[in-house]
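> Input query-v3.txt, format and content: compact mmCIF, C-alpha atoms.
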# COMPACT_ATOMS: atom_id res chain seq x y z
CA MET A 1 -54.73 -78.81 -57.73
CA SER A 2 -58.15 -80.00 -58.98
CA THR A 3 -61.43 -78.53 -57.68
CA GLU A 4 -62.14 -81.77 -55.80
CA GLU A 5 -58.75 -81.61 -54.06
CA LYS A 6 -59.38 -77.98 -53.13
CA TYR A 7 -62.68 -78.88 -51.43
CA VAL A 8 -61.09 -81.75 -49.49
CA ALA A 9 -58.17 -79.51 -48.44
CA ALA A 10 -60.64 -76.78 -47.39
CA VAL A 11 -62.49 -79.18 -45.08
CA TYR A 12 -59.32 -80.39 -43.34
CA LEU A 13 -57.99 -76.82 -43.11
CA VAL A 14 -61.23 -75.50 -41.57
CA VAL A 15 -61.25 -78.27 -38.93
CA PHE A 16 -57.58 -77.65 -38.14
CA VAL A 17 -57.97 -73.84 -37.90
CA VAL A 18 -61.11 -74.00 -35.71
CA LEU A 19 -59.56 -76.51 -33.30
CA LEU A 20 -56.30 -74.55 -33.21
CA ALA A 21 -58.23 -71.35 -32.39
CA TYR A 22 -60.09 -73.19 -29.62
CA VAL A 23 -56.86 -74.53 -28.09
CA LEU A 24 -55.25 -71.06 -28.34
CA ILE A 25 -58.22 -69.47 -26.54
CA ILE A 26 -58.00 -72.08 -23.77
CA ALA A 27 -54.21 -71.57 -23.53
CA LEU A 28 -54.65 -67.77 -23.21
CA LYS A 29 -57.25 -68.33 -20.51
CA LEU A 30 -54.90 -70.63 -18.59
CA GLN A 31 -52.17 -67.99 -18.85
CA ARG A 32 -54.54 -65.41 -17.36
CA LEU A 33 -55.42 -67.82 -14.54
CA GLU A 34 -51.72 -68.38 -13.87
CA ARG A 35 -51.20 -64.58 -13.57
CA GLU A 36 -54.20 -64.31 -11.24
CA LEU A 37 -52.85 -67.15 -9.10
CA ALA A 38 -49.46 -65.40 -8.85
CA GLU A 39 -51.24 -62.18 -7.74
CA LEU A 40 -53.21 -64.07 -5.10
CA VAL A 41 -50.09 -65.82 -3.79
CA GLU A 42 -48.41 -62.42 -3.48
CA LEU A 43 -51.46 -60.99 -1.71
CA ALA A 44 -51.55 -63.94 0.72
CA GLN A 45 -47.83 -63.57 1.44
CA ARG A 46 -48.25 -59.83 2.15
CA ARG A 47 -51.13 -60.65 4.51
CA ALA A 48 -49.02 -63.27 6.28
CA VAL A 49 -46.15 -60.78 6.75
CA ALA A 50 -48.57 -58.10 8.05
CA VAL A 51 -50.16 -60.52 10.53
CA GLY A 52 -46.91 -62.20 11.61
CA MET B 1 -55.73 -88.35 -34.99
CA THR B 2 -52.55 -88.66 -37.07
CA GLY B 3 -53.27 -92.38 -37.46
CA ALA B 4 -56.82 -91.63 -38.56
CA ILE B 5 -55.62 -89.14 -41.19
CA ALA B 6 -53.02 -91.65 -42.41
CA LEU B 7 -55.74 -94.31 -42.78
CA ILE B 8 -58.02 -91.88 -44.64
CA PHE B 9 -55.42 -90.98 -47.27
CA PHE B 10 -53.27 -94.13 -47.50
CA TYR B 11 -55.53 -97.04 -46.59
CA ALA B 12 -59.21 -96.36 -47.31
CA PRO B 13 -60.04 -96.90 -50.99
CA LEU B 14 -61.92 -94.35 -53.09
CA ASP B 15 -65.51 -95.11 -54.09
CA GLU B 16 -67.84 -93.62 -56.74
CA ASP B 17 -67.85 -90.32 -54.81
CA GLY B 18 -64.15 -89.90 -55.64
CA LEU B 19 -61.74 -87.92 -53.51
CA ASN B 20 -64.66 -85.94 -52.10
CA GLN B 21 -65.52 -89.07 -50.09
CA LYS B 22 -62.50 -88.32 -47.85
CA ILE B 23 -64.61 -85.55 -46.32
CA PHE B 24 -67.04 -88.19 -45.01
CA TYR B 25 -64.37 -89.57 -42.61
CA PHE B 26 -64.20 -86.21 -40.85
CA HIS B 27 -67.70 -84.84 -41.34
CA VAL B 28 -69.66 -87.78 -39.90
CA PRO B 29 -67.43 -88.37 -36.79
CA ILE B 30 -67.57 -84.61 -36.11
CA ALA B 31 -71.38 -84.72 -36.33
CA PHE B 32 -71.50 -87.79 -34.02
CA THR B 33 -69.18 -85.97 -31.59
CA ALA B 34 -71.49 -82.93 -31.62
CA TYR B 35 -74.48 -85.20 -30.84
CA GLY B 36 -72.41 -86.91 -28.13
CA CYS B 37 -71.48 -83.58 -26.52
CA PHE B 38 -75.09 -82.39 -26.53
CA ALA B 39 -76.24 -85.73 -25.07
CA TRP B 40 -73.51 -85.57 -22.38
CA GLY B 41 -74.58 -82.00 -21.60
CA GLY B 42 -78.18 -83.22 -21.26
CA TRP B 43 -77.11 -86.10 -19.00
CA LYS B 44 -75.17 -83.74 -16.73
CA ALA B 45 -78.16 -81.37 -16.69
CA LEU B 46 -80.34 -84.28 -15.58
CA ARG B 47 -77.82 -85.16 -12.84
CA HIS B 48 -77.93 -81.55 -11.70
CA LEU B 49 -81.72 -81.48 -11.48
CA TRP B 50 -82.17 -84.99 -10.15
CA LYS B 51 -79.22 -85.66 -7.83
CA ARG B 52 -78.10 -82.04 -7.27
CA GLU B 53 -74.63 -83.28 -8.20
CA GLU B 54 -72.01 -80.65 -7.43
CA GLY B 55 -70.36 -79.27 -10.56
CA ALA B 56 -72.83 -80.98 -12.92
CA ASP B 57 -74.09 -77.61 -14.16
CA LEU B 58 -70.59 -76.55 -15.16
CA GLU B 59 -69.94 -79.91 -16.83
CA SER B 60 -73.21 -79.57 -18.76
CA TYR B 61 -72.24 -76.06 -19.88
CA VAL B 62 -68.77 -77.15 -21.06
CA ALA B 63 -70.20 -80.14 -22.95
CA ILE B 64 -72.76 -77.96 -24.73
CA HIS B 65 -70.10 -75.35 -25.52
CA LEU B 66 -67.96 -78.05 -27.12
CA GLY B 67 -71.04 -79.46 -28.88
CA VAL B 68 -71.69 -76.08 -30.48
CA ILE B 69 -68.07 -75.89 -31.72
CA PHE B 70 -68.36 -79.37 -33.24
CA GLY B 71 -71.77 -78.31 -34.59
CA VAL B 72 -70.18 -75.40 -36.45
CA LEU B 73 -67.61 -77.80 -37.89
CA THR B 74 -70.37 -80.23 -38.94
CA LEU B 75 -72.25 -77.48 -40.76
CA VAL B 76 -69.13 -76.08 -42.45
CA THR B 77 -67.67 -79.44 -43.52
CA GLY B 78 -71.11 -80.62 -44.68
CA SER B 79 -71.63 -77.46 -46.70
CA ILE B 80 -68.25 -77.79 -48.43
CA TRP B 81 -69.05 -81.42 -49.27
CA ALA B 82 -72.52 -80.43 -50.55
CA ARG B 83 -71.12 -77.61 -52.69
CA PHE B 84 -69.02 -80.07 -54.64
CA ARG B 85 -71.49 -82.99 -54.69
CA TRP B 86 -74.82 -81.19 -55.11
CA GLY B 87 -73.62 -77.83 -56.42
CA HIS B 88 -75.24 -75.99 -53.50
CA TRP B 89 -73.87 -74.93 -50.12
CA TRP B 90 -77.19 -75.71 -48.46
CA VAL B 91 -80.41 -77.55 -49.42
CA TRP B 92 -83.42 -76.38 -47.43
CA SER B 93 -85.57 -79.31 -48.58
CA GLU B 94 -83.24 -81.81 -46.88
CA ASP B 95 -84.74 -82.71 -43.50
CA GLN B 96 -81.53 -83.87 -41.82
CA LEU B 97 -79.70 -80.64 -42.65
CA VAL B 98 -82.52 -78.44 -41.43
CA LEU B 99 -83.05 -80.48 -38.26
CA PHE B 100 -79.34 -80.35 -37.45
CA LEU B 101 -79.43 -76.58 -37.98
CA ILE B 102 -82.44 -76.32 -35.63
CA LEU B 103 -80.59 -78.42 -33.02
CA PHE B 104 -77.49 -76.25 -33.43
CA LEU B 105 -79.43 -72.97 -33.13
CA PHE B 106 -81.34 -74.36 -30.14
CA TYR B 107 -78.07 -74.94 -28.31
CA CYS B 108 -76.69 -71.55 -29.44
CA ALA B 109 -79.70 -69.99 -27.70
CA TYR B 110 -78.69 -71.92 -24.55
CA PHE B 111 -75.86 -69.43 -24.08
CA MET B 112 -78.20 -66.46 -24.48
CA LEU B 113 -80.44 -67.90 -21.77
CA ARG B 114 -77.54 -68.80 -19.49
CA PHE B 115 -75.86 -65.42 -19.64
CA SER B 116 -79.09 -63.45 -19.32
CA VAL B 117 -79.57 -64.82 -15.78
CA ALA B 118 -77.33 -63.88 -12.84
CA PRO B 119 -74.99 -66.67 -11.65
CA GLY B 120 -76.55 -68.86 -8.99
CA PRO B 121 -78.96 -71.76 -8.49
CA GLN B 122 -81.65 -70.19 -10.69
CA ARG B 123 -79.30 -69.94 -13.67
CA ALA B 124 -78.12 -73.52 -13.14
CA ASN B 125 -81.70 -74.84 -12.96
CA LEU B 126 -82.95 -72.91 -15.99
CA SER B 127 -79.92 -73.94 -18.05
CA ALA B 128 -80.37 -77.59 -17.04
CA VAL B 129 -84.06 -77.63 -18.01
CA TYR B 130 -83.26 -76.00 -21.37
CA ALA B 131 -80.41 -78.46 -22.04
CA LEU B 132 -82.75 -81.37 -21.33
CA PHE B 133 -85.34 -80.09 -23.83
CA GLY B 134 -82.66 -80.06 -26.53
CA VAL B 135 -81.87 -83.74 -25.97
CA VAL B 136 -85.25 -84.63 -27.52
CA LEU B 137 -84.05 -83.09 -30.80
CA ILE B 138 -80.96 -85.35 -31.00
CA PRO B 139 -82.69 -88.65 -31.98
CA VAL B 140 -85.07 -86.73 -34.27
CA SER B 141 -82.08 -85.17 -36.03
CA ILE B 142 -80.25 -88.52 -36.35
CA LEU B 143 -83.35 -90.36 -37.57
CA ALA B 144 -84.39 -87.56 -39.93
CA ILE B 145 -82.65 -89.27 -42.79
CA ARG B 146 -84.89 -92.32 -42.27
CA LEU B 147 -88.01 -90.15 -42.00
CA SER B 148 -87.14 -88.15 -45.08
CA GLU B 149 -88.89 -89.05 -48.31
CA ARG B 150 -86.13 -87.57 -50.44
CA PHE B 151 -82.85 -89.39 -50.02
CA ILE B 152 -80.43 -86.76 -51.26
CA HIS B 153 -78.23 -87.06 -48.20
CA PRO B 154 -76.15 -90.27 -48.46
CA VAL B 155 -77.08 -93.14 -46.14
CA ALA B 156 -73.93 -94.58 -44.55
CA PHE B 157 -75.79 -97.09 -42.36
CA ASP B 158 -79.01 -98.98 -42.98
CA LYS B 159 -80.73 -102.09 -41.59
CA GLY B 160 -78.18 -104.32 -43.33
CA GLY B 161 -75.23 -102.57 -41.63
CA PRO B 162 -72.67 -100.12 -42.97
CA ASN B 163 -72.91 -99.25 -46.69
CA MET B 164 -69.16 -99.37 -47.25
CA ALA B 165 -66.20 -101.71 -47.67
CA ALA B 166 -64.58 -103.25 -44.57
CA SER B 167 -61.46 -101.08 -44.96
CA GLN B 168 -63.61 -97.96 -45.23
CA PHE B 169 -65.61 -98.98 -42.17
CA LEU B 170 -62.42 -99.61 -40.18
CA THR B 171 -61.10 -96.16 -41.17
CA PHE B 172 -64.44 -94.63 -40.22
CA CYS B 173 -64.35 -96.32 -36.77
CA VAL B 174 -60.77 -95.12 -36.15
CA CYS B 175 -61.82 -91.58 -37.16
CA CYS B 176 -64.79 -91.73 -34.75
CA ALA B 177 -62.51 -92.92 -31.92
CA ALA B 178 -59.98 -90.17 -32.72
CA MET B 179 -62.67 -87.48 -32.77
CA PHE B 180 -64.25 -88.69 -29.51
CA SER B 181 -60.80 -88.77 -27.86
CA LEU B 182 -60.08 -85.25 -29.09
CA ALA B 183 -63.43 -84.03 -27.76
CA ALA B 184 -62.83 -85.75 -24.40
CA THR B 185 -59.39 -84.10 -24.11
CA LEU B 186 -60.76 -80.64 -24.99
CA TYR B 187 -63.65 -81.19 -22.55
CA SER B 188 -61.24 -82.05 -19.70
CA LEU B 189 -59.02 -79.09 -20.56
CA GLU B 190 -61.84 -76.55 -20.66
CA LEU B 191 -63.46 -77.99 -17.54
CA ALA B 192 -60.18 -77.81 -15.61
CA GLY B 193 -59.82 -74.17 -16.67
CA LYS B 194 -63.37 -73.31 -15.60
CA ARG B 195 -62.97 -75.06 -12.23
CA LEU B 196 -59.67 -73.29 -11.62
CA ASP B 197 -61.31 -69.96 -12.49
CA LEU B 198 -64.09 -70.59 -9.96
CA ARG B 199 -61.65 -71.60 -7.20
CA LEU B 200 -59.49 -68.53 -7.83
CA ARG B 201 -62.56 -66.28 -7.65
CA GLU B 202 -63.50 -67.83 -4.31
CA LEU B 203 -59.94 -67.41 -3.06
CA ARG B 204 -59.84 -63.76 -4.15
CA GLU B 205 -63.13 -63.08 -2.35
CA ALA B 206 -61.76 -64.75 0.79
CA LEU B 207 -58.53 -62.73 0.68
CA GLU B 208 -60.05 -59.34 -0.12
As structure tokens, how would this structure be written, given the file I've shared?

Amino acid sequence: MSTEEKYVAAVYLVVFVVLLAYVLIIALKLQRLERELAELVELAQRRAVAVG
Amino acid sequence: MTGAIALIFFYAPLDEDGLNQKIFYFHVPIAFTAYGCFAWGGWKALRHLWKREEGADLESYVAIHLGVIFGVLTLVTGSIWARFRWGHWWVWSEDQLVLFLILFLFYCAYFMLRFSVAPGPQRANLSAVYALFGVVLIPVSILAIRLSERFIHPVAFDKGGPNMAASQFLTFCVCCAAMFSLAATLYSLELAGKRLDLRLRELREALE
């Protein structure tokens, strides 16, 4: 691989890695939100049982 | 994006810059996307201050956050290109580079300001005013290459139109469209996550 090819590959790799990291962070956050939502649903159901 | 990459490597011809020119098709659209995100953030900040539009503050924040990410990519891809072409990672005498760095650092400081104030209307207003100030730097940064006396940085567009072959220009346009679409998708995704987070917080407060 020539030096020029290495620089071009580095640019595309950097863009790919940064965007992948961003998507992974967002995906982890959505997973956390899903867990929180499940907790809240459980809490609401317990409240409904206690009231009813 | 796949189509854009295919055009870059299998359709667009090489010019005197050699293979290194392939970086241009990613670097410039990424820079334009960063400018676009900052401008969108400024527009939403204006809507927040002017119309008191609900959710505009959050939209402004997400746009600026994305702009900073694309800003990092612009600086990194530009530096790699410069290292090969000029032999330096960074040239301080180049106005466009320095002005983009100032714009980038200005918007990095936006987060420091935003998170130093407690959540509420005051934080939203201060953030919006700050975001609007940054918008002034965008045209200055774009036009810096015209204002500069030293033309080290390549000029892709001048008064006569694009300085490239039709096939290169078509590839460049497809790359810009791909990058804008990617940014729009990431913006929607992050915004949906933030909105969901806010709703869940409200729901938790109501239940507890």
> Skip stretch 11-19 of chain B itself and residues of its chain fewer than 6 positions away, then list as JSON, numbers by chain all residues within 10 Å of it, counting only C-alpha atoms.
{"A": [4, 5, 7, 8], "B": [4, 5, 25, 85, 164, 165, 166, 167, 168, 169, 170, 171, 172]}
> Please provide as a short mmCIF file (atom, residue, chain, number, x, y, z; two decimals) with C-alpha atoms, in the coordinates of the input all residues within 9 Å of A:Tyr22, with the sequence filter that same-chain residues fewer than 4 positions apart are discarded (counting only C-alpha atoms).

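In the end it all went to out-v4.cif:
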data_model
loop_
_atom_site.label_atom_id
_atom_site.label_comp_id
_atom_site.auth_asym_id
_atom_site.auth_seq_id
_atom_site.Cartn_x
_atom_site.Cartn_y
_atom_site.Cartn_z
CA VAL A 17 -57.97 -73.84 -37.90
CA VAL A 18 -61.11 -74.00 -35.71
CA ILE A 26 -58.00 -72.08 -23.77
CA ALA A 27 -54.21 -71.57 -23.53
CA ILE B 69 -68.07 -75.89 -31.72
CA LEU B 186 -60.76 -80.64 -24.99
#
> Choose the residue, out of A:Val41, A:Leu24, A:Met1, A:Leu30, that has the smallest atom-to-atom separation from chain B; count all atoms listed in the file.
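Closest residue, counting all atoms listed in the file: A:Leu30.
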> Report the distance between atom CA of B:Ala82 and atom CA of B:Thr2 in Å, rounded to one decimal place.
25.5 Å
> Atom CA of B:Leu101 to atom CA of B:Tyr61: how many Å, to one decimal?
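For atom CA of B:Leu101 relative to atom CA of B:Tyr61, the distance reads 19.5 Å.
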> Which is closer to chain A than all the others in B:Gly42, B:Gly78, B:Gly3, B:Gly134, using all atoms listed in the file?
B:Gly78
> Just need the residues of chain B within 9 Å of chain A, counting all atoms listed in the file, so spit them out as a PyMOL selection string.
chain B and resi 18-23+26-27+69+73+76-78+80-81+83-84+186+189-190+193+196-197+200+203-204+207-208
